[in-house]
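**Q** The file below is coords.txt, compact mmCIF, C-alpha atoms:
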# COMPACT_ATOMS: atom_id res chain seq x y z
CA MET A 1 -3.98 24.61 -2.61
CA SER A 2 -4.65 21.95 -5.27
CA TYR A 3 -6.84 18.89 -4.76
CA GLN A 4 -3.74 16.69 -5.08
CA ASN A 5 -2.10 18.49 -2.16
CA ILE A 6 -5.26 18.27 -0.06
CA ALA A 7 -5.61 14.55 -0.81
CA ARG A 8 -1.97 13.94 0.06
CA ARG A 9 -2.33 15.75 3.39
CA LEU A 10 -5.60 14.00 4.28
CA ARG A 11 -4.36 10.51 3.38
CA LEU A 12 -2.81 9.55 6.72
CA PRO A 13 -5.04 11.39 9.22
CA LEU A 14 -8.22 10.30 7.45
CA GLY A 15 -6.95 6.73 7.20
CA PHE A 16 -6.15 6.75 10.92
CA VAL A 17 -9.61 8.04 11.88
CA LEU A 18 -11.33 5.53 9.59
CA GLY A 19 -9.16 2.75 11.01
CA ILE A 20 -10.24 3.58 14.56
CA ALA A 21 -13.89 3.70 13.50
CA TYR A 22 -13.46 0.33 11.81
CA VAL A 23 -11.96 -1.32 14.90
CA VAL A 24 -14.80 0.02 17.04
CA PHE A 25 -17.72 -0.85 14.74
CA ALA A 26 -16.61 -3.92 12.72
CA ARG A 27 -18.44 -7.15 13.49
CA PRO A 28 -16.86 -9.77 11.21
CA THR A 29 -18.03 -13.32 10.83
CA GLN A 30 -15.43 -16.06 11.11
CA GLN A 31 -15.67 -16.69 7.35
CA SER A 32 -15.37 -13.02 6.38
CA LEU A 33 -12.47 -12.63 8.80
CA LEU A 34 -10.64 -15.60 7.27
CA ILE A 35 -11.04 -14.36 3.68
CA GLY A 36 -10.38 -10.72 4.55
CA GLY A 37 -7.46 -11.68 6.79
CA ILE A 38 -5.77 -13.51 3.91
CA VAL A 39 -6.21 -10.54 1.55
CA ALA A 40 -4.92 -8.12 4.21
CA LEU A 41 -1.95 -10.40 4.94
CA LEU A 42 -1.04 -10.32 1.24
CA GLY A 43 -1.04 -6.52 1.52
CA VAL A 44 1.25 -6.63 4.56
CA LEU A 45 3.62 -8.92 2.64
CA VAL A 46 3.61 -6.67 -0.44
CA ARG A 47 4.42 -3.63 1.73
CA ALA A 48 7.19 -5.55 3.50
CA TRP A 49 8.66 -6.66 0.17
CA ALA A 50 8.52 -3.10 -1.16
CA ALA A 51 10.11 -1.60 1.97
CA GLY A 52 13.12 -3.87 1.49
CA HIS A 53 13.70 -2.55 -2.05
CA ILE A 54 13.38 1.21 -1.75
CA SER A 55 15.99 3.83 -0.91
CA LYS A 56 13.75 6.86 -1.17
CA ASN A 57 15.04 9.69 -3.39
CA LYS A 58 18.48 8.05 -3.73
CA VAL A 59 18.00 5.30 -6.31
CA LEU A 60 14.97 4.65 -8.50
CA ALA A 61 13.47 1.42 -7.12
CA THR A 62 12.81 -0.98 -9.99
CA SER A 63 13.47 -4.33 -8.29
CA GLY A 64 11.19 -6.67 -6.40
CA PRO A 65 7.61 -5.40 -6.42
CA TYR A 66 8.74 -2.18 -8.14
CA ALA A 67 9.28 -4.29 -11.26
CA HIS A 68 5.53 -5.00 -11.21
CA THR A 69 4.00 -1.68 -10.09
CA ARG A 70 5.38 1.80 -9.49
CA ASN A 71 3.46 2.02 -6.23
CA PRO A 72 3.69 -1.30 -4.38
CA LEU A 73 3.45 0.40 -0.97
CA TYR A 74 0.11 1.94 -1.97
CA PHE A 75 -0.99 -1.30 -3.62
CA GLY A 76 -0.14 -3.17 -0.42
CA SER A 77 -2.09 -0.59 1.58
CA PHE A 78 -5.03 -1.12 -0.76
CA LEU A 79 -4.90 -4.89 -0.19
CA ILE A 80 -4.75 -4.37 3.57
CA SER A 81 -7.74 -2.01 3.43
CA ALA A 82 -9.63 -4.29 1.06
CA GLY A 83 -8.97 -7.30 3.26
CA PHE A 84 -10.24 -5.59 6.38
CA ALA A 85 -13.22 -4.30 4.38
CA ILE A 86 -14.05 -7.85 3.27
CA ALA A 87 -13.78 -8.95 6.90
CA ALA A 88 -16.34 -6.34 7.96
CA HIS A 89 -18.78 -6.53 5.03
CA TRP A 90 -18.31 -6.63 1.28
CA LEU A 91 -20.06 -3.25 0.91
CA VAL A 92 -17.23 -1.62 2.86
CA LEU A 93 -15.01 -2.66 -0.05
CA VAL A 94 -16.87 -0.14 -2.25
CA PHE A 95 -15.99 2.60 0.23
CA VAL A 96 -12.32 1.50 0.18
CA GLY A 97 -12.29 1.69 -3.62
CA VAL A 98 -13.76 5.20 -3.60
CA PHE A 99 -11.34 6.27 -0.86
CA PHE A 100 -8.36 5.09 -2.89
CA LEU A 101 -9.63 6.78 -6.04
CA LEU A 102 -10.26 10.10 -4.28
CA ILE A 103 -7.24 10.16 -1.96
CA TYR A 104 -4.49 7.84 -3.19
CA TYR A 105 -4.80 8.29 -6.95
CA PRO A 106 -4.21 12.08 -6.78
CA THR A 107 -1.33 11.44 -4.37
CA MET A 108 0.30 9.01 -6.82
CA LYS A 109 -0.14 11.46 -9.68
CA LYS A 110 1.44 14.25 -7.60
CA GLU A 111 4.41 12.06 -6.69
CA ILE A 112 5.18 11.44 -10.37
CA THR A 113 6.43 15.03 -10.64
CA ALA A 114 8.75 14.64 -7.66
CA ILE A 115 10.12 11.25 -8.75
CA SER A 116 10.63 12.52 -12.30
CA GLY A 117 12.65 15.37 -10.84
CA PHE A 118 14.88 13.03 -8.86
CA PHE A 119 15.39 10.59 -11.76
CA PRO A 120 14.85 12.52 -15.01
CA ASP A 121 16.90 10.10 -17.12
CA SER A 122 15.49 6.78 -15.91
CA TYR A 123 11.94 7.44 -14.71
CA PRO A 124 10.26 8.05 -18.10
CA LYS A 125 11.28 4.62 -19.45
CA TYR A 126 10.33 2.97 -16.17
CA ALA A 127 6.92 4.71 -16.15
CA GLU A 128 6.36 3.65 -19.75
CA ASN A 129 6.87 -0.02 -18.85
CA VAL A 130 5.52 -0.39 -15.30
CA PRO A 131 1.91 0.42 -14.38
CA LEU A 132 1.10 3.13 -11.87
CA PHE A 133 -0.94 0.95 -9.49
CA LEU A 134 -2.26 -2.44 -10.62
CA PRO A 135 0.73 -4.79 -10.98
CA ARG A 136 1.83 -6.33 -14.22
CA LEU A 137 2.19 -10.12 -14.05
CA THR A 138 5.76 -10.37 -15.30
CA PRO A 139 8.52 -8.24 -13.79
CA TRP A 140 10.06 -5.47 -15.87
CA ARG A 141 13.81 -5.97 -16.31
CA GLY A 142 14.75 -2.65 -17.80
CA ASP A 143 17.77 -1.39 -15.85
CA SER A 144 20.69 -2.34 -13.65
CA ASN A 145 18.68 -1.81 -10.44
CA SER A 146 16.08 -4.40 -11.42
CA SER A 147 18.11 -7.31 -9.99
CA LYS A 148 18.61 -5.75 -6.54
CA LYS A 149 17.76 -8.15 -3.71
CA PHE A 150 15.52 -7.58 -0.71
CA ASP A 151 17.39 -5.79 2.09
CA PRO A 152 16.07 -6.57 5.60
CA LYS A 153 17.86 -3.48 6.94
CA LEU A 154 15.76 -1.27 4.65
CA TYR A 155 12.64 -3.07 5.85
CA MET A 156 13.53 -2.28 9.46
CA ARG A 157 14.68 1.28 8.72
CA HIS A 158 11.39 2.08 7.01
CA GLY A 159 9.53 0.76 10.08
CA GLU A 160 7.37 -1.56 8.03
CA TRP A 161 7.40 -4.07 10.88
CA LYS A 162 4.81 -1.75 12.49
CA ALA A 163 2.34 -2.64 9.73
CA ALA A 164 2.86 -6.34 10.45
CA LEU A 165 2.39 -5.79 14.18
CA THR A 166 -0.74 -3.70 13.57
CA TYR A 167 -2.10 -6.45 11.32
CA VAL A 168 -1.60 -9.08 14.03
CA LEU A 169 -3.18 -6.91 16.74
CA ALA A 170 -6.14 -6.00 14.49
CA MET A 171 -6.69 -9.66 13.57
CA VAL A 172 -6.65 -10.70 17.23
CA TRP A 173 -9.17 -7.95 18.06
CA LEU A 174 -11.41 -8.82 15.12
CA ALA A 175 -11.25 -12.54 15.95
CA PHE A 176 -12.39 -11.65 19.47
CA ARG A 177 -15.20 -9.52 18.00
CA SER A 178 -16.30 -12.33 15.66
CA VAL A 179 -16.55 -14.80 18.56
CA ALA A 180 -18.08 -12.33 21.03
CA GLY A 181 -20.63 -11.34 18.39
How does the structure come out when it is put into C-alpha cells?

**A**
Amino acid sequence: MSYQNIARRLRLPLGFVLGIAYVVFARPTQQSLLIGGIVALLGVLVRAWAAGHISKNKVLATSGPYAHTRNPLYFGSFLISAGFAIAAHWLVLVFVGVFFLLIYYPTMKKEITAISGFFPDSYPKYAENVPLFLPRLTPWRGDSNSSKKFDPKLYMRHGEWKAALTYVLAMVWLAFRSVAG
C-alpha cells in the first residue's frame, strides 16, 4: 500500500482522535480563543461555501471557492484546525501544518488521478489555472460551470451543517475552559 493510500485512510480517524485530545487538554485564553475562533469560523464558512458548489464526480466544480483553489474543503479544514490551534497555543499551529503536509497533501495528490479520470477534457486546464491548496486572490473564469451559484440543497446534502454545529459546540466548550481556567 502506498503512502498516499495510508495517509488518505488515516486522515479522518487520526483527525478525530486528535480532536478529542484537543477538547480534553486545550486551555485557551480569552484572547487566543477570540483570534482562533475567528480563523476557525472562516474555515467553517469556506467549507460551507464549497459544499454548496460541488456535485462530486458529476460535474467539475469550478465556481465559488473552486475558482480560487482546487481543494476548498481541505483549505477550510486547515483554517478550522489552524484556528483551534491558535486558540490552544501558537505552537500547536506548527503541529497542524506538519499534519496537513504529511496527511492532506498526499491525499490531494492522490485525488488528482481520480478527478482527472472523471474529467479528462476539462481538469488539465482547470489545474493549470487554479492552485492545488492556497487560494488565488482573483477567481478563475475558465469554463461554463464557473458562474454556478451556491446551492443550499447541496450544502445540506453534503451534511456540512455538522461542521458548523461542531464549531459552535467546540467554541462553547472552549469558552467554558477559558473561564474555568

**Q** Taking all atoms listed in the file into account, which of A:Gly19, A:Gly43, A:Trp49, A:Pro28 comes nearest A:His158?

**A**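 Distance minimum relative to A:His158 lands on A:Trp49.
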
**Q** Which polymer residues have any atom within 10 Å of an atom of A:Phe78, counting only C-alpha atoms, with same-chain residues fewer than 2 positions away left out, as a compact mmCIF listing (two decimals) with C-alpha atoms, keeping the file's coordinate frame?

**A**
# COMPACT_ATOMS: atom_id res chain seq x y z
CA VAL A 39 -6.21 -10.54 1.55
CA ALA A 40 -4.92 -8.12 4.21
CA GLY A 43 -1.04 -6.52 1.52
CA VAL A 44 1.25 -6.63 4.56
CA PRO A 72 3.69 -1.30 -4.38
CA LEU A 73 3.45 0.40 -0.97
CA TYR A 74 0.11 1.94 -1.97
CA PHE A 75 -0.99 -1.30 -3.62
CA GLY A 76 -0.14 -3.17 -0.42
CA ILE A 80 -4.75 -4.37 3.57
CA SER A 81 -7.74 -2.01 3.43
CA ALA A 82 -9.63 -4.29 1.06
CA GLY A 83 -8.97 -7.30 3.26
CA PHE A 84 -10.24 -5.59 6.38
CA VAL A 96 -12.32 1.50 0.18
CA GLY A 97 -12.29 1.69 -3.62
CA PHE A 99 -11.34 6.27 -0.86
CA PHE A 100 -8.36 5.09 -2.89
CA TYR A 104 -4.49 7.84 -3.19
CA PHE A 133 -0.94 0.95 -9.49

**Q** When you draw a straight line from atom CA of A:His68 to atom CA of A:Leu93, how long is it in Å?

**A** 23.5 Å

**Q** Do a neighbour search on A:Lys148 at 9 Å with all atoms listed in the file, toss out local chain neighbours closer than 5 positions, and write the hits as a ChimeraX atom specification.

**A** /A:53,61-64

**Q** Just C-alpha atoms for this one: save the residues we selected as a PDB file, keeping the file's coordinate frame.

**A**
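Contents of the output file result_7.pdb:
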ATOM      1  CA  HIS A  53      13.700  -2.550  -2.050  1.00  0.00           C
ATOM      2  CA  ALA A  61      13.470   1.420  -7.120  1.00  0.00           C
ATOM      3  CA  THR A  62      12.810  -0.980  -9.990  1.00  0.00           C
ATOM      4  CA  SER A  63      13.470  -4.330  -8.290  1.00  0.00           C
ATOM      5  CA  GLY A  64      11.190  -6.670  -6.400  1.00  0.00           C
TER       6      GLY A  64
END

**Q** Can you tell me how far atom CA of A:Gly52 sits from atom CA of A:Pro65, in Å to one decimal?

**A** 9.8 Å

**Q** For atom CA of A:Phe176 and atom CA of A:Gly36, determine how far apart the two atoms are, in Å to one decimal place.

**A**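 Atom CA of A:Gly36 lies 15.1 Å from atom CA of A:Phe176.
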
**Q** For A:Lys58, which of A:Val94, A:Ala7, A:Ile115, A:Val23 is the closest residue, counting only C-alpha atoms?

**A**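 With only C-alpha atoms as the atom set, the closest residue is A:Ile115.
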
**Q** Please list as an MDAnalysis selection string every residue within 12 Å of A:Pro131, counting all atoms listed in the file and excluding residues in the same chain fewer than 6 positions away.

**A** chainID A and resid 62 65:72 75 108 124:125 137:140

**Q** With distances taken over only C-alpha atoms, which of A:Leu165, A:Ala88, A:Met156, A:Leu102 is nearest to A:Ser32?

**A**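 Of A:Leu165, A:Ala88, A:Met156, A:Leu102, the one nearest A:Ser32 is A:Ala88, counting only C-alpha atoms.
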
**Q** Name the residues in contact with A:Ala26 at a cut-off of 12 Å, using all atoms listed in the file, excluding same-chain residues fewer than 3 positions from it; report them as a ChimeraX atom specification.

**A** /A:18-23,29,32-33,84-90,92,170-171,173-178,180-181

**Q** Return the single residue from A:Ala163, A:Leu42, A:Ile54, A:Phe25 that is closest to A:Lys149, with distances computed using all atoms listed in the file.

**A**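 That would be A:Ile54, the residue with the smallest distance to A:Lys149.
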
**Q** Considering all atoms listed in the file, state which residue in the set A:Gln30, A:Leu169, A:Leu154, A:Leu79 is at the smallest distance from A:Leu134.

**A**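 For A:Leu134, the nearest of the given residues is A:Leu79.
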
**Q** Here is a test: counting only C-alpha atoms, which residue of A:Ala164, A:Val17, A:Ala114, A:Val179 is nearest to A:Leu41?

**A**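 That would be A:Ala164, the residue with the smallest distance to A:Leu41.
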